[in-house]
>>> print(open('query.txt').read())   # compact mmCIF, C-alpha atoms and all ligand atoms
# COMPACT_ATOMS: atom_id res chain seq x y z
CA MET L 1 -4.52 -3.32 -30.44
CA LEU L 2 -4.99 -5.47 -27.33
CA LYS L 3 -7.79 -4.31 -25.02
CA PHE L 4 -7.37 -4.84 -21.26
CA VAL L 5 -9.99 -4.17 -18.61
CA ILE L 6 -8.70 -3.27 -15.15
CA ILE L 7 -11.11 -3.54 -12.25
CA GLY L 8 -10.32 -0.94 -9.56
CA ALA L 9 -8.90 2.60 -9.77
CA GLY L 10 -6.66 2.36 -6.71
CA ILE L 11 -2.89 2.89 -6.78
CA GLY L 12 -2.36 -0.56 -8.30
CA GLY L 13 -5.03 -0.40 -11.02
CA LEU L 14 -4.11 3.11 -12.15
CA THR L 15 -0.36 2.38 -12.24
CA ALA L 16 -1.07 -0.77 -14.25
CA ALA L 17 -3.15 1.27 -16.71
CA ILE L 18 -0.27 3.71 -17.19
CA ALA L 19 2.29 0.93 -17.68
CA LEU L 20 0.08 -0.97 -20.15
CA ARG L 21 -0.95 2.11 -22.13
CA GLN L 22 2.71 3.14 -22.46
CA ARG L 23 3.32 -0.24 -24.11
CA GLY L 24 0.53 0.26 -26.63
CA ILE L 25 -2.25 -1.70 -24.88
CA ASP L 26 -5.70 -0.08 -24.64
CA ALA L 27 -6.20 -0.35 -20.86
CA GLN L 28 -9.59 0.77 -19.55
CA VAL L 29 -10.20 1.10 -15.79
CA PHE L 30 -13.58 0.38 -14.17
CA GLU L 31 -14.15 1.67 -10.63
CA LYS L 32 -17.13 1.10 -8.38
CA THR L 33 -17.04 4.47 -6.59
CA PRO L 34 -18.38 7.66 -8.25
CA THR L 35 -14.99 9.45 -7.97
CA LEU L 36 -11.44 8.48 -7.01
CA HIS L 37 -11.56 6.49 -3.79
CA ASP L 38 -9.57 8.80 -1.52
CA VAL L 39 -9.25 7.38 1.98
CA GLY L 40 -7.95 10.71 3.35
CA ALA L 41 -4.60 9.45 4.61
CA GLY L 42 -0.93 9.69 3.84
CA ILE L 43 1.29 7.00 2.38
CA ALA L 44 5.00 6.22 2.38
CA LEU L 45 6.61 5.09 -0.85
CA TRP L 46 10.03 3.49 -0.76
CA PRO L 47 12.76 3.60 -3.43
CA ASN L 48 11.60 0.31 -5.02
CA ALA L 49 8.27 1.94 -5.93
CA VAL L 50 9.68 5.37 -6.68
CA LYS L 51 12.05 3.85 -9.28
CA VAL L 52 9.03 2.44 -11.15
CA LEU L 53 7.07 5.69 -11.00
CA ARG L 54 10.13 7.54 -12.33
CA LYS L 55 10.50 5.09 -15.23
CA LEU L 56 6.83 5.71 -16.00
CA GLY L 57 7.71 9.41 -16.42
CA LEU L 58 6.08 10.64 -13.21
CA ASP L 59 9.22 12.08 -11.62
CA GLU L 60 8.20 15.75 -11.84
CA HIS L 61 4.63 15.08 -10.72
CA LEU L 62 5.94 13.11 -7.77
CA ALA L 63 8.38 15.83 -6.78
CA ALA L 64 5.53 18.36 -6.85
CA ILE L 65 3.32 16.45 -4.41
CA SER L 66 5.71 14.74 -2.03
CA LEU L 67 8.27 15.25 0.65
CA THR L 68 11.30 13.24 -0.30
CA ASN L 69 14.13 11.79 1.72
CA VAL L 70 12.44 11.76 5.09
CA ASP L 71 14.42 10.36 8.04
CA GLY L 72 12.77 7.68 10.15
CA ALA L 73 13.15 6.39 13.70
CA ILE L 74 11.75 3.96 16.22
CA ARG L 75 11.18 5.45 19.68
CA ARG L 76 9.85 4.38 23.05
CA SER L 77 6.80 6.09 24.53
CA THR L 78 9.19 8.19 26.64
CA GLY L 79 10.73 9.52 23.42
CA TYR L 80 13.97 7.54 23.78
CA TYR L 81 15.39 6.58 20.37
CA LEU L 82 15.74 2.85 19.77
CA ALA L 83 16.81 3.08 16.10
CA ARG L 84 17.09 5.58 13.28
CA THR L 85 17.08 5.33 9.50
CA LEU L 86 18.75 8.31 7.87
CA ALA L 87 17.57 9.57 4.52
CA ALA L 88 21.14 10.29 3.44
CA GLU L 89 22.14 6.68 4.09
CA LEU L 90 19.07 5.34 2.26
CA GLN L 91 19.96 7.60 -0.64
CA ARG L 92 23.55 6.33 -0.66
CA ARG L 93 22.59 2.65 -0.47
CA PHE L 94 19.33 2.52 -2.41
CA GLY L 95 19.34 5.62 -4.61
CA GLY L 96 16.54 7.26 -2.66
CA GLY L 97 14.82 7.55 0.69
CA MET L 98 11.27 7.37 1.94
CA VAL L 99 8.79 9.59 0.10
CA ILE L 100 5.65 10.72 1.92
CA LEU L 101 2.53 11.85 0.10
CA HIS L 102 -1.15 12.39 0.56
CA ARG L 103 -2.96 9.47 -1.13
CA ARG L 104 -5.37 11.84 -2.83
CA ASP L 105 -2.50 13.70 -4.52
CA LEU L 106 -0.98 10.43 -5.72
CA LEU L 107 -4.31 9.10 -7.05
CA GLU L 108 -4.93 12.38 -8.89
CA VAL L 109 -1.51 12.27 -10.57
CA LEU L 110 -2.03 8.64 -11.58
CA ALA L 111 -5.58 9.23 -12.85
CA GLY L 112 -4.50 12.34 -14.78
CA THR L 113 -1.78 10.29 -16.47
CA VAL L 114 -4.14 7.43 -17.36
CA GLY L 115 -6.54 10.01 -18.83
CA HIS L 116 -9.99 10.54 -17.35
CA ASP L 117 -11.68 9.20 -20.52
CA ASN L 118 -10.11 5.83 -19.77
CA ILE L 119 -11.51 5.59 -16.22
CA HIS L 120 -15.14 4.57 -15.85
CA PHE L 121 -16.57 5.43 -12.43
CA ASP L 122 -19.78 4.01 -10.95
CA HIS L 123 -18.99 0.61 -12.46
CA ALA L 124 -19.02 -2.05 -9.74
CA LEU L 125 -18.00 -5.42 -11.16
CA SER L 126 -20.64 -8.02 -10.39
CA ASN L 127 -19.71 -10.91 -12.65
CA LEU L 128 -16.70 -12.02 -14.67
CA SER L 129 -17.01 -14.82 -17.18
CA VAL L 130 -13.53 -16.25 -17.65
CA SER L 131 -14.61 -18.51 -20.50
CA GLU L 132 -16.42 -15.72 -22.44
CA ASN L 133 -13.96 -12.92 -21.52
CA VAL L 134 -16.84 -10.68 -20.45
CA ALA L 135 -17.18 -8.49 -17.35
CA THR L 136 -20.64 -7.39 -16.21
CA PHE L 137 -21.24 -4.49 -13.85
CA ALA L 138 -23.97 -3.74 -11.32
CA ASN L 139 -25.28 -0.94 -13.57
CA GLY L 140 -25.96 -3.49 -16.35
CA PHE L 141 -22.99 -2.54 -18.56
CA ALA L 142 -20.99 -5.44 -20.00
CA VAL L 143 -17.56 -5.32 -21.63
CA LYS L 144 -15.52 -7.89 -23.58
CA ALA L 145 -11.73 -7.68 -23.54
CA ASP L 146 -8.58 -9.60 -24.37
CA ALA L 147 -7.68 -9.78 -20.68
CA PHE L 148 -8.86 -8.69 -17.22
CA ILE L 149 -6.80 -7.44 -14.28
CA GLY L 150 -8.40 -7.64 -10.85
CA ALA L 151 -6.97 -4.64 -8.97
CA ASP L 152 -10.00 -4.38 -6.73
CA GLY L 153 -8.39 -4.55 -3.33
CA LEU L 154 -8.57 -6.70 -0.22
CA HIS L 155 -12.13 -7.94 -0.79
CA SER L 156 -11.59 -8.47 -4.54
CA VAL L 157 -14.65 -9.59 -6.47
CA VAL L 158 -12.40 -10.76 -9.31
CA ARG L 159 -10.56 -12.97 -6.85
CA SER L 160 -13.78 -14.63 -5.69
CA GLN L 161 -15.04 -14.95 -9.29
CA LEU L 162 -11.85 -16.91 -9.98
CA GLY L 163 -12.90 -19.40 -7.32
CA HIS L 164 -10.51 -18.44 -4.51
CA THR L 165 -12.22 -19.33 -1.25
CA ASP L 166 -9.55 -18.22 1.25
CA GLN L 167 -10.53 -15.44 3.64
CA PRO L 168 -8.53 -12.38 4.75
CA VAL L 169 -6.54 -13.06 7.94
CA TYR L 170 -7.05 -10.61 10.82
CA SER L 171 -3.75 -9.38 12.28
CA GLY L 172 -5.09 -8.86 15.84
CA TYR L 173 -4.77 -5.05 15.70
CA THR L 174 -6.66 -2.09 14.39
CA ALA L 175 -5.31 1.18 12.94
CA TRP L 176 -6.42 4.80 12.96
CA ARG L 177 -5.12 7.35 10.44
CA ALA L 178 -5.41 11.09 9.89
CA VAL L 179 -3.76 13.96 8.03
CA VAL L 180 -3.73 17.13 10.14
CA SER L 181 -2.55 20.72 9.81
CA PHE L 182 0.51 20.90 12.00
CA PRO L 183 3.71 22.98 11.93
CA ARG L 184 6.54 20.95 10.43
CA SER L 185 9.43 22.90 11.93
CA GLY L 186 11.34 20.81 14.44
CA PHE L 187 9.12 17.84 13.70
CA VAL L 188 10.87 14.45 14.00
CA PRO L 189 9.30 11.68 11.88
CA ALA L 190 9.14 8.46 13.86
CA GLU L 191 7.19 5.39 14.86
CA THR L 192 6.83 4.97 18.64
CA TRP L 193 6.36 1.53 20.13
CA GLY L 194 4.53 0.74 23.36
CA ARG L 195 2.78 -2.32 24.74
CA GLY L 196 0.27 -3.54 22.17
CA LYS L 197 0.11 -0.12 20.55
CA ARG L 198 2.10 2.16 18.27
CA PHE L 199 1.98 5.73 17.04
CA GLY L 200 3.69 6.97 13.86
CA ALA L 201 3.86 10.46 12.40
CA PHE L 202 5.38 11.76 9.17
CA PRO L 203 5.29 15.18 7.52
CA VAL L 204 3.36 15.66 4.27
CA GLN L 205 3.75 18.62 1.90
CA GLY L 206 2.33 21.88 3.22
CA ASP L 207 2.20 22.29 6.97
CA ARG L 208 0.55 18.89 7.34
CA VAL L 209 1.41 15.71 9.22
CA TYR L 210 0.16 12.21 8.46
CA TRP L 211 -0.20 10.12 11.60
CA PHE L 212 -1.32 6.60 12.33
CA ALA L 213 -1.95 4.70 15.54
CA THR L 214 -2.43 0.99 16.16
CA CYS L 215 -3.77 -1.02 19.08
CA ASN L 216 -4.46 -4.69 19.71
CA ALA L 217 -8.21 -5.23 19.46
CA THR L 218 -10.80 -7.79 18.48
CA ALA L 219 -11.91 -7.66 14.84
CA GLY L 220 -14.82 -5.33 14.17
CA GLU L 221 -14.50 -3.43 17.46
CA ARG L 222 -15.85 0.15 17.18
CA ASN L 223 -14.69 3.41 18.78
CA PRO L 224 -16.36 4.07 22.16
CA PRO L 225 -19.32 6.53 22.16
CA ASP L 226 -17.10 9.51 23.06
CA GLY L 227 -15.34 9.09 19.70
CA ALA L 228 -11.99 8.20 18.17
CA GLN L 229 -10.11 11.27 19.36
CA ALA L 230 -11.03 10.81 23.04
CA HIS L 231 -10.25 7.10 22.77
CA LEU L 232 -6.82 7.75 21.24
CA LEU L 233 -6.03 10.45 23.79
CA SER L 234 -6.63 7.92 26.55
CA LEU L 235 -4.62 5.19 24.75
CA PHE L 236 -1.61 7.48 24.17
CA LYS L 237 -1.83 9.61 27.34
CA GLY L 238 1.63 10.61 28.57
CA TRP L 239 3.47 9.51 25.38
CA HIS L 240 6.24 11.81 24.17
CA GLU L 241 5.51 15.08 22.40
CA PRO L 242 3.87 15.90 20.06
CA ILE L 243 1.70 12.73 20.03
CA GLU L 244 -1.17 14.09 22.10
CA ALA L 245 -1.06 17.40 20.18
CA LEU L 246 -1.28 15.50 16.87
CA ILE L 247 -4.32 13.56 18.08
CA ARG L 248 -5.94 16.81 19.28
CA ALA L 249 -5.34 18.35 15.84
CA ALA L 250 -7.66 15.77 14.23
CA ASP L 251 -11.41 15.88 14.75
CA ASP L 252 -13.36 12.64 14.82
CA ALA L 253 -14.65 13.14 11.27
CA CYS L 254 -11.15 12.94 9.79
CA ILE L 255 -9.89 9.96 11.82
CA LEU L 256 -10.18 6.74 9.79
CA ARG L 257 -10.25 3.36 11.44
CA ASN L 258 -9.43 0.06 9.73
CA ASP L 259 -8.79 -3.37 11.14
CA ILE L 260 -5.58 -4.70 9.64
CA TYR L 261 -5.79 -7.79 7.46
CA ASP L 262 -3.60 -9.72 5.08
CA ARG L 263 -4.05 -13.09 3.37
CA ASP L 264 -1.96 -16.21 3.39
CA PRO L 265 0.12 -16.19 0.20
CA SER L 266 -1.68 -17.91 -2.68
CA PRO L 267 0.17 -20.41 -4.88
CA THR L 268 -1.71 -19.09 -7.95
CA TRP L 269 -3.61 -15.88 -8.67
CA GLY L 270 -5.38 -15.95 -12.00
CA GLN L 271 -6.70 -18.21 -14.75
CA GLY L 272 -6.16 -17.92 -18.49
CA ARG L 273 -6.56 -14.27 -19.46
CA VAL L 274 -7.46 -13.02 -15.99
CA THR L 275 -4.99 -12.10 -13.27
CA LEU L 276 -4.80 -10.19 -10.01
CA LEU L 277 -2.65 -7.27 -8.91
CA GLY L 278 -1.97 -5.34 -5.70
CA ASP L 279 -4.11 -6.03 -2.64
CA ALA L 280 -6.42 -8.28 -4.67
CA ALA L 281 -3.45 -10.62 -5.14
CA HIS L 282 -1.28 -10.18 -2.03
CA PRO L 283 -2.76 -7.93 0.66
CA MET L 284 -0.15 -7.35 3.34
CA THR L 285 -0.08 -5.60 6.71
CA PRO L 286 1.39 -2.08 6.55
CA ASN L 287 4.41 -2.79 8.78
CA LEU L 288 6.96 -2.55 5.96
CA GLY L 289 5.03 0.17 4.09
CA GLN L 290 5.04 -2.10 1.05
CA GLY L 291 1.41 -2.82 0.06
CA ALA L 292 1.15 -0.02 -2.49
CA CYS L 293 4.86 -0.28 -3.36
CA GLN L 294 4.37 -3.92 -4.36
CA ALA L 295 1.25 -3.03 -6.38
CA ILE L 296 3.38 -0.49 -8.27
CA GLU L 297 6.07 -3.11 -8.91
CA ASP L 298 3.33 -5.55 -10.08
CA ALA L 299 2.13 -2.98 -12.59
CA TRP L 300 5.56 -2.55 -14.16
CA GLN L 301 6.28 -6.26 -14.34
CA LEU L 302 2.87 -7.10 -15.76
CA ALA L 303 3.47 -4.68 -18.64
CA ALA L 304 7.04 -5.91 -19.07
CA CYS L 305 5.91 -9.55 -19.36
CA LEU L 306 3.29 -8.57 -21.95
CA SER L 307 5.81 -6.72 -24.04
CA THR L 308 8.11 -9.72 -24.31
CA GLN L 309 5.52 -12.48 -24.85
CA SER L 310 2.85 -12.32 -27.53
CA ASP L 311 0.68 -15.05 -25.97
CA VAL L 312 -1.38 -13.12 -23.39
CA ALA L 313 -2.15 -16.08 -21.11
CA ALA L 314 1.51 -17.13 -21.08
CA ALA L 315 2.59 -13.56 -20.29
CA LEU L 316 0.12 -13.36 -17.39
CA ASN L 317 1.39 -16.68 -16.15
CA SER L 318 5.01 -15.55 -16.13
CA TYR L 319 3.97 -12.27 -14.43
CA GLU L 320 2.34 -14.31 -11.66
CA THR L 321 5.30 -16.63 -11.25
CA ARG L 322 7.75 -13.81 -10.69
CA ARG L 323 5.41 -11.68 -8.58
CA ILE L 324 4.38 -14.53 -6.27
CA LYS L 325 8.07 -15.23 -5.69
CA ARG L 326 8.76 -11.55 -4.96
CA THR L 327 5.72 -10.68 -2.81
CA THR L 328 5.42 -13.82 -0.66
CA PRO L 329 8.47 -13.21 1.60
CA ILE L 330 7.55 -9.52 1.94
CA LEU L 331 3.99 -10.38 2.97
CA LEU L 332 5.23 -12.89 5.57
CA SER L 333 7.94 -10.60 6.87
CA SER L 334 5.45 -7.74 7.26
CA ARG L 335 3.18 -10.07 9.24
CA ARG L 336 6.07 -11.08 11.55
CA ILE L 337 7.18 -7.47 12.14
CA GLY L 338 3.60 -6.55 13.04
CA ALA L 339 3.40 -9.33 15.63
CA PHE L 340 6.77 -8.20 17.09
CA ALA L 341 5.83 -4.52 17.19
CA GLN L 342 2.41 -5.23 18.74
CA LEU L 343 3.77 -7.36 21.62
CA GLU L 344 1.93 -6.57 24.85
CA ASN L 345 3.70 -8.50 27.59
CA SER L 346 6.00 -6.08 29.46
CA LEU L 347 8.98 -8.47 29.73
CA LEU L 348 8.76 -9.33 26.02
CA CYS L 349 8.46 -5.62 25.16
CA THR L 350 11.62 -4.87 27.16
CA LEU L 351 13.47 -7.67 25.35
CA ARG L 352 12.11 -6.45 22.01
CA ASP L 353 13.17 -2.85 22.63
CA THR L 354 16.63 -3.98 23.76
CA ALA L 355 17.03 -6.08 20.62
CA VAL L 356 16.03 -3.12 18.41
CA ARG L 357 18.38 -0.77 20.34
CA LEU L 358 21.34 -3.15 20.07
CA THR L 359 20.90 -3.95 16.39
CA PRO L 360 23.70 -2.16 14.52
CA ASP L 361 22.48 0.35 11.90
CA SER L 362 24.40 -1.54 9.22
CA VAL L 363 22.32 -4.67 9.96
CA THR L 364 19.08 -2.67 9.77
CA TYR L 365 20.03 -1.21 6.38
CA ARG L 366 21.11 -4.62 5.09
CA SER L 367 17.79 -6.13 6.17
CA LEU L 368 15.99 -3.52 4.04
CA GLU L 369 18.10 -4.21 0.98
CA SER L 370 16.11 -7.02 -0.60
CA VAL L 371 12.85 -5.10 -0.17
CA ILE L 372 13.60 -1.47 -0.95
CA GLY L 373 16.82 -1.93 -2.90
CA TYR L 374 15.01 -4.00 -5.55
CA ASP L 375 14.63 -2.52 -9.02
CA ALA L 376 11.58 -4.00 -10.75
CA THR L 377 12.41 -2.13 -13.93
CA THR L 378 15.69 -3.97 -14.47
CA ALA L 379 14.68 -7.25 -12.79
CA SER L 380 11.88 -7.70 -15.32
CA THR L 381 14.19 -7.60 -18.32
CA SER L 382 17.03 -9.59 -16.82
CA LEU L 383 14.67 -12.50 -16.17
CA HIS L 384 14.05 -12.99 -19.89
C1 LIG N 1 -3.24 1.67 7.80
C2 LIG N 1 -2.58 1.40 6.48
C3 LIG N 1 -1.39 2.04 6.14
C4 LIG N 1 -0.74 1.73 4.94
N1 LIG N 1 0.44 2.36 4.64
C5 LIG N 1 1.11 2.05 3.50
C6 LIG N 1 2.33 2.70 3.16
O1 LIG N 1 2.80 3.59 3.87
N2 LIG N 1 2.98 2.33 2.01
C7 LIG N 1 2.47 1.36 1.18
O2 LIG N 1 3.10 1.05 0.15
N3 LIG N 1 1.30 0.74 1.47
C8 LIG N 1 0.60 1.06 2.59
N4 LIG N 1 -0.60 0.46 2.88
C9 LIG N 1 -1.12 -0.55 1.94
C10 LIG N 1 -1.78 0.14 0.74
O3 LIG N 1 -2.76 1.05 1.18
C11 LIG N 1 -2.43 -0.90 -0.16
O4 LIG N 1 -1.56 -1.98 -0.34
C12 LIG N 1 -2.74 -0.26 -1.53
O5 LIG N 1 -3.62 0.82 -1.39
C13 LIG N 1 -3.33 -1.33 -2.44
O6 LIG N 1 -3.70 -0.72 -3.66
P1 LIG N 1 -4.68 -1.48 -4.65
O7 LIG N 1 -4.84 -0.55 -5.81
O8 LIG N 1 -4.20 -2.85 -4.87
O9 LIG N 1 -6.05 -1.63 -3.85
P2 LIG N 1 -7.05 -0.52 -3.30
O10 LIG N 1 -6.33 0.71 -2.90
O11 LIG N 1 -7.88 -1.19 -2.26
O12 LIG N 1 -7.96 -0.14 -4.55
C14 LIG N 1 -8.94 -1.03 -5.01
C15 LIG N 1 -9.95 -0.22 -5.83
O13 LIG N 1 -10.89 -1.14 -6.38
C16 LIG N 1 -12.18 -0.61 -6.22
N5 LIG N 1 -13.13 -1.73 -6.23
C17 LIG N 1 -13.36 -2.64 -5.24
N6 LIG N 1 -14.28 -3.52 -5.62
C18 LIG N 1 -14.67 -3.17 -6.88
C19 LIG N 1 -15.61 -3.71 -7.81
N7 LIG N 1 -16.38 -4.77 -7.52
N8 LIG N 1 -15.74 -3.11 -9.02
C20 LIG N 1 -14.98 -2.02 -9.35
N9 LIG N 1 -14.09 -1.46 -8.49
C21 LIG N 1 -13.93 -2.04 -7.27
C22 LIG N 1 -12.12 0.15 -4.90
O14 LIG N 1 -13.16 1.10 -4.78
C23 LIG N 1 -10.73 0.78 -4.99
O15 LIG N 1 -10.75 2.02 -5.64
C24 LIG N 1 -1.28 0.76 4.06
C25 LIG N 1 -2.50 0.15 4.38
C26 LIG N 1 -3.14 0.46 5.57
C27 LIG N 1 -4.45 -0.23 5.90
>>> encode(input="query.txt", output="structure tokens")
Amino acid sequence: MLKFVIIGAGIGGLTAAIALRQRGIDAQVFEKTPTLHDVGAGIALWPNAVKVLRKLGLDEHLAAISLTNVDGAIRRSTGYYLARTLAAELQRRFGGGMVILHRRDLLEVLAGTVGHDNIHFDHALSNLSVSENVATFANGFAVKADAFIGADGLHSVVRSQLGHTDQPVYSGYTAWRAVVSFPRSGFVPAETWGRGKRFGAFPVQGDRVYWFATCNATAGERNPPDGAQAHLLSLFKGWHEPIEALIRAADDACILRNDIYDRDPSPTWGQGRVTLLGDAAHPMTPNLGQGACQAIEDAWQLAACLSTQSDVAAALNSYETRRIKRTTPILLSSRRIGAFAQLENSLLCTLRDTAVRLTPDSVTYRSLESVIGYDATTASTSLH
């Protein structure tokens, strides 16, 4: 039986372990944190990712932890609707709508499916010898395997061990996130665009709402001394309801802040029997809600390539070829949408909002087709 070592127990690494194990590969996951790395935020999964999770047999688990078929909208700070995406239309066109979950719930379902005996916490990769096929961890443990998958996120150690020297690219904006207790009745999920800042809020199961906020900022900037909540209340003062109430519902301790980065697309990812997956391979800004969705697609297609090619290095190579082709335009498009949505100049913002308002719904849905209408589970077989 082939033995694969996956570095990183995030959404990408755990989904890859499930996909590989289901195809008879002994996939073992090594994670640097002592428990699942729950960032305490929500996440949106689109039909392209949900199709993969369903094929992996996670349909019932997913239904139990998520809110499915959520409508979406883009609004102005006054509350005026610029555009809407209706769940029913997404369902009709793409076989499903947007699914919102708490990341912790998703990670727990994935980890439970991998099997806790196959996840090794407190193992921070420190060295990977590509020629010897050996990974060494900070705690002194070393493991030999037939192949290694670097699913260790934006600042991937596997990536740097492979000799990549490119640095993450700062988007020019920072993001705050929280999940708060909040009544869902009458709640309208939407992203609201202002000048150089945005606020988005989506319901999660239970009477909870996941919200995020963005603002143009220099990299590494910290919250002012009076804290994140006070800062956000001043940034979003006077925006439509219930934005201020949602910010008030979160105390400083539960508001996360991350600067938003991606990387320029890489022409190659791995070497021999080592490859990359998810954010380690193609970190993207969250503007299309596709970072985790693409990691999930990666996982399926990695396993599919391995099941049709007996030479491991050749299978990893064909996985990379198809995934670089798929993820590069999504990464670049997400970057462009971020720059558009974070415009600050008032004339440009007026032009932007007018363009969004005048775009026919049919054009919006068509523009989503290649991203969320994609089925990785059939694309992988038809390419052989
Ligand atoms: C504000 C924001 C909102 C987002 N919203 C969405 C969304 O709605 N939908 C969506 O699809 N995507 C979204 N994303 C993107 C998504 O979060 C990422 O693309 C996704 O989590 C990547 O998963 P991953 O498993 O590749 O990496 P990660 O989630 O980063 O997991 C990497 C894992 O590797 C571990 N690790 C790191 N280094 C080592 C080491 N040396 N040894 C061992 N383990 C290590 C880490 O602890 C971690 O557990 C968003 C991102 C941000 C910042």
>>> residues_near_ligand(input="query.txt", ligand="ligand LIG 1 (chain N)", cutoff="8 Å", atoms="all atoms listed in the file", output="compact mmCIF listing (two decimals) with C-alpha atoms, in the frame of the given file")
# COMPACT_ATOMS: atom_id res chain seq x y z
CA ILE L 7 -11.11 -3.54 -12.25
CA GLY L 8 -10.32 -0.94 -9.56
CA ALA L 9 -8.90 2.60 -9.77
CA GLY L 10 -6.66 2.36 -6.71
CA ILE L 11 -2.89 2.89 -6.78
CA GLY L 12 -2.36 -0.56 -8.30
CA GLY L 13 -5.03 -0.40 -11.02
CA LEU L 14 -4.11 3.11 -12.15
CA PHE L 30 -13.58 0.38 -14.17
CA GLU L 31 -14.15 1.67 -10.63
CA LYS L 32 -17.13 1.10 -8.38
CA THR L 33 -17.04 4.47 -6.59
CA LEU L 36 -11.44 8.48 -7.01
CA HIS L 37 -11.56 6.49 -3.79
CA GLY L 42 -0.93 9.69 3.84
CA ILE L 43 1.29 7.00 2.38
CA ALA L 44 5.00 6.22 2.38
CA LEU L 45 6.61 5.09 -0.85
CA TRP L 46 10.03 3.49 -0.76
CA ILE L 100 5.65 10.72 1.92
CA ASP L 122 -19.78 4.01 -10.95
CA HIS L 123 -18.99 0.61 -12.46
CA ALA L 124 -19.02 -2.05 -9.74
CA LEU L 125 -18.00 -5.42 -11.16
CA SER L 126 -20.64 -8.02 -10.39
CA PHE L 137 -21.24 -4.49 -13.85
CA ALA L 151 -6.97 -4.64 -8.97
CA ASP L 152 -10.00 -4.38 -6.73
CA GLY L 153 -8.39 -4.55 -3.33
CA LEU L 154 -8.57 -6.70 -0.22
CA HIS L 155 -12.13 -7.94 -0.79
CA SER L 156 -11.59 -8.47 -4.54
CA VAL L 157 -14.65 -9.59 -6.47
CA VAL L 158 -12.40 -10.76 -9.31
CA ALA L 175 -5.31 1.18 12.94
CA TRP L 176 -6.42 4.80 12.96
CA ARG L 177 -5.12 7.35 10.44
CA PHE L 212 -1.32 6.60 12.33
CA ASN L 258 -9.43 0.06 9.73
CA ASP L 259 -8.79 -3.37 11.14
CA ILE L 260 -5.58 -4.70 9.64
CA TYR L 261 -5.79 -7.79 7.46
CA LEU L 277 -2.65 -7.27 -8.91
CA GLY L 278 -1.97 -5.34 -5.70
CA ASP L 279 -4.11 -6.03 -2.64
CA ALA L 280 -6.42 -8.28 -4.67
CA ALA L 281 -3.45 -10.62 -5.14
CA PRO L 283 -2.76 -7.93 0.66
CA MET L 284 -0.15 -7.35 3.34
CA THR L 285 -0.08 -5.60 6.71
CA PRO L 286 1.39 -2.08 6.55
CA ASN L 287 4.41 -2.79 8.78
CA LEU L 288 6.96 -2.55 5.96
CA GLY L 289 5.03 0.17 4.09
CA GLN L 290 5.04 -2.10 1.05
CA GLY L 291 1.41 -2.82 0.06
CA ALA L 292 1.15 -0.02 -2.49
CA CYS L 293 4.86 -0.28 -3.36
CA GLN L 294 4.37 -3.92 -4.36
CA ALA L 295 1.25 -3.03 -6.38
>>> atom_distance(input="query.txt", atom1="atom CA of L:Leu82", atom2="atom CA of L:Asp353")
6.9 Å
>>> residues_around(input="query.txt", residues="L:Ile74", least_positions_apart="4", cutoff="8 Å", atoms="all atoms listed in the file", output="compact mmCIF listing (two decimals) with C-alpha atoms, keeping the file's coordinate frame")
# COMPACT_ATOMS: atom_id res chain seq x y z
CA TYR L 81 15.39 6.58 20.37
CA LEU L 82 15.74 2.85 19.77
CA ALA L 83 16.81 3.08 16.10
CA ARG L 84 17.09 5.58 13.28
CA ALA L 190 9.14 8.46 13.86
CA GLU L 191 7.19 5.39 14.86
CA THR L 192 6.83 4.97 18.64
CA TRP L 193 6.36 1.53 20.13
>>> atom_distance(input="query.txt", atom1="atom CA of L:Thr218", atom2="atom CA of L:Gly196")
12.4 Å
>>> residues_near_point(input="query.txt", point="(-16.2, -11.4, -19.9)", cutoff="10 Å", atoms="only C-alpha atoms", output="PyMOL selection string")
chain L and resi 5+127-136+142-148+274
>>> decode(input="query.txt", residues="stretch 240-247 of chain L", atoms="N, CA and C atoms", output="CSV table (one decimal), in the first residue's frame")
chain,number,residue,atom,x,y,z
L,240,HIS,N,-26.0,50.8,6.9
L,240,HIS,CA,-27.4,50.3,7.0
L,240,HIS,C,-27.4,49.2,8.1
L,241,GLU,N,-28.6,49.0,8.7
L,241,GLU,CA,-28.9,48.0,9.7
L,241,GLU,C,-28.7,46.6,9.1
L,242,PRO,N,-28.3,45.6,9.8
L,242,PRO,CA,-27.9,45.7,11.2
L,242,PRO,C,-26.4,45.7,11.4
L,243,ILE,N,-25.7,46.4,10.6
L,243,ILE,CA,-24.2,46.3,10.6
L,243,ILE,C,-23.6,46.7,12.0
L,244,GLU,N,-24.1,47.9,12.5
L,244,GLU,CA,-23.5,48.3,13.8
L,244,GLU,C,-23.9,47.3,14.9
L,245,ALA,N,-25.1,46.8,14.8
L,245,ALA,CA,-25.6,45.8,15.8
L,245,ALA,C,-24.7,44.5,15.8
L,246,LEU,N,-24.4,44.1,14.6
L,246,LEU,CA,-23.5,42.9,14.4
L,246,LEU,C,-22.1,43.2,15.0
L,247,ILE,N,-21.6,44.3,14.8
L,247,ILE,CA,-20.3,44.6,15.4
L,247,ILE,C,-20.4,44.7,16.9
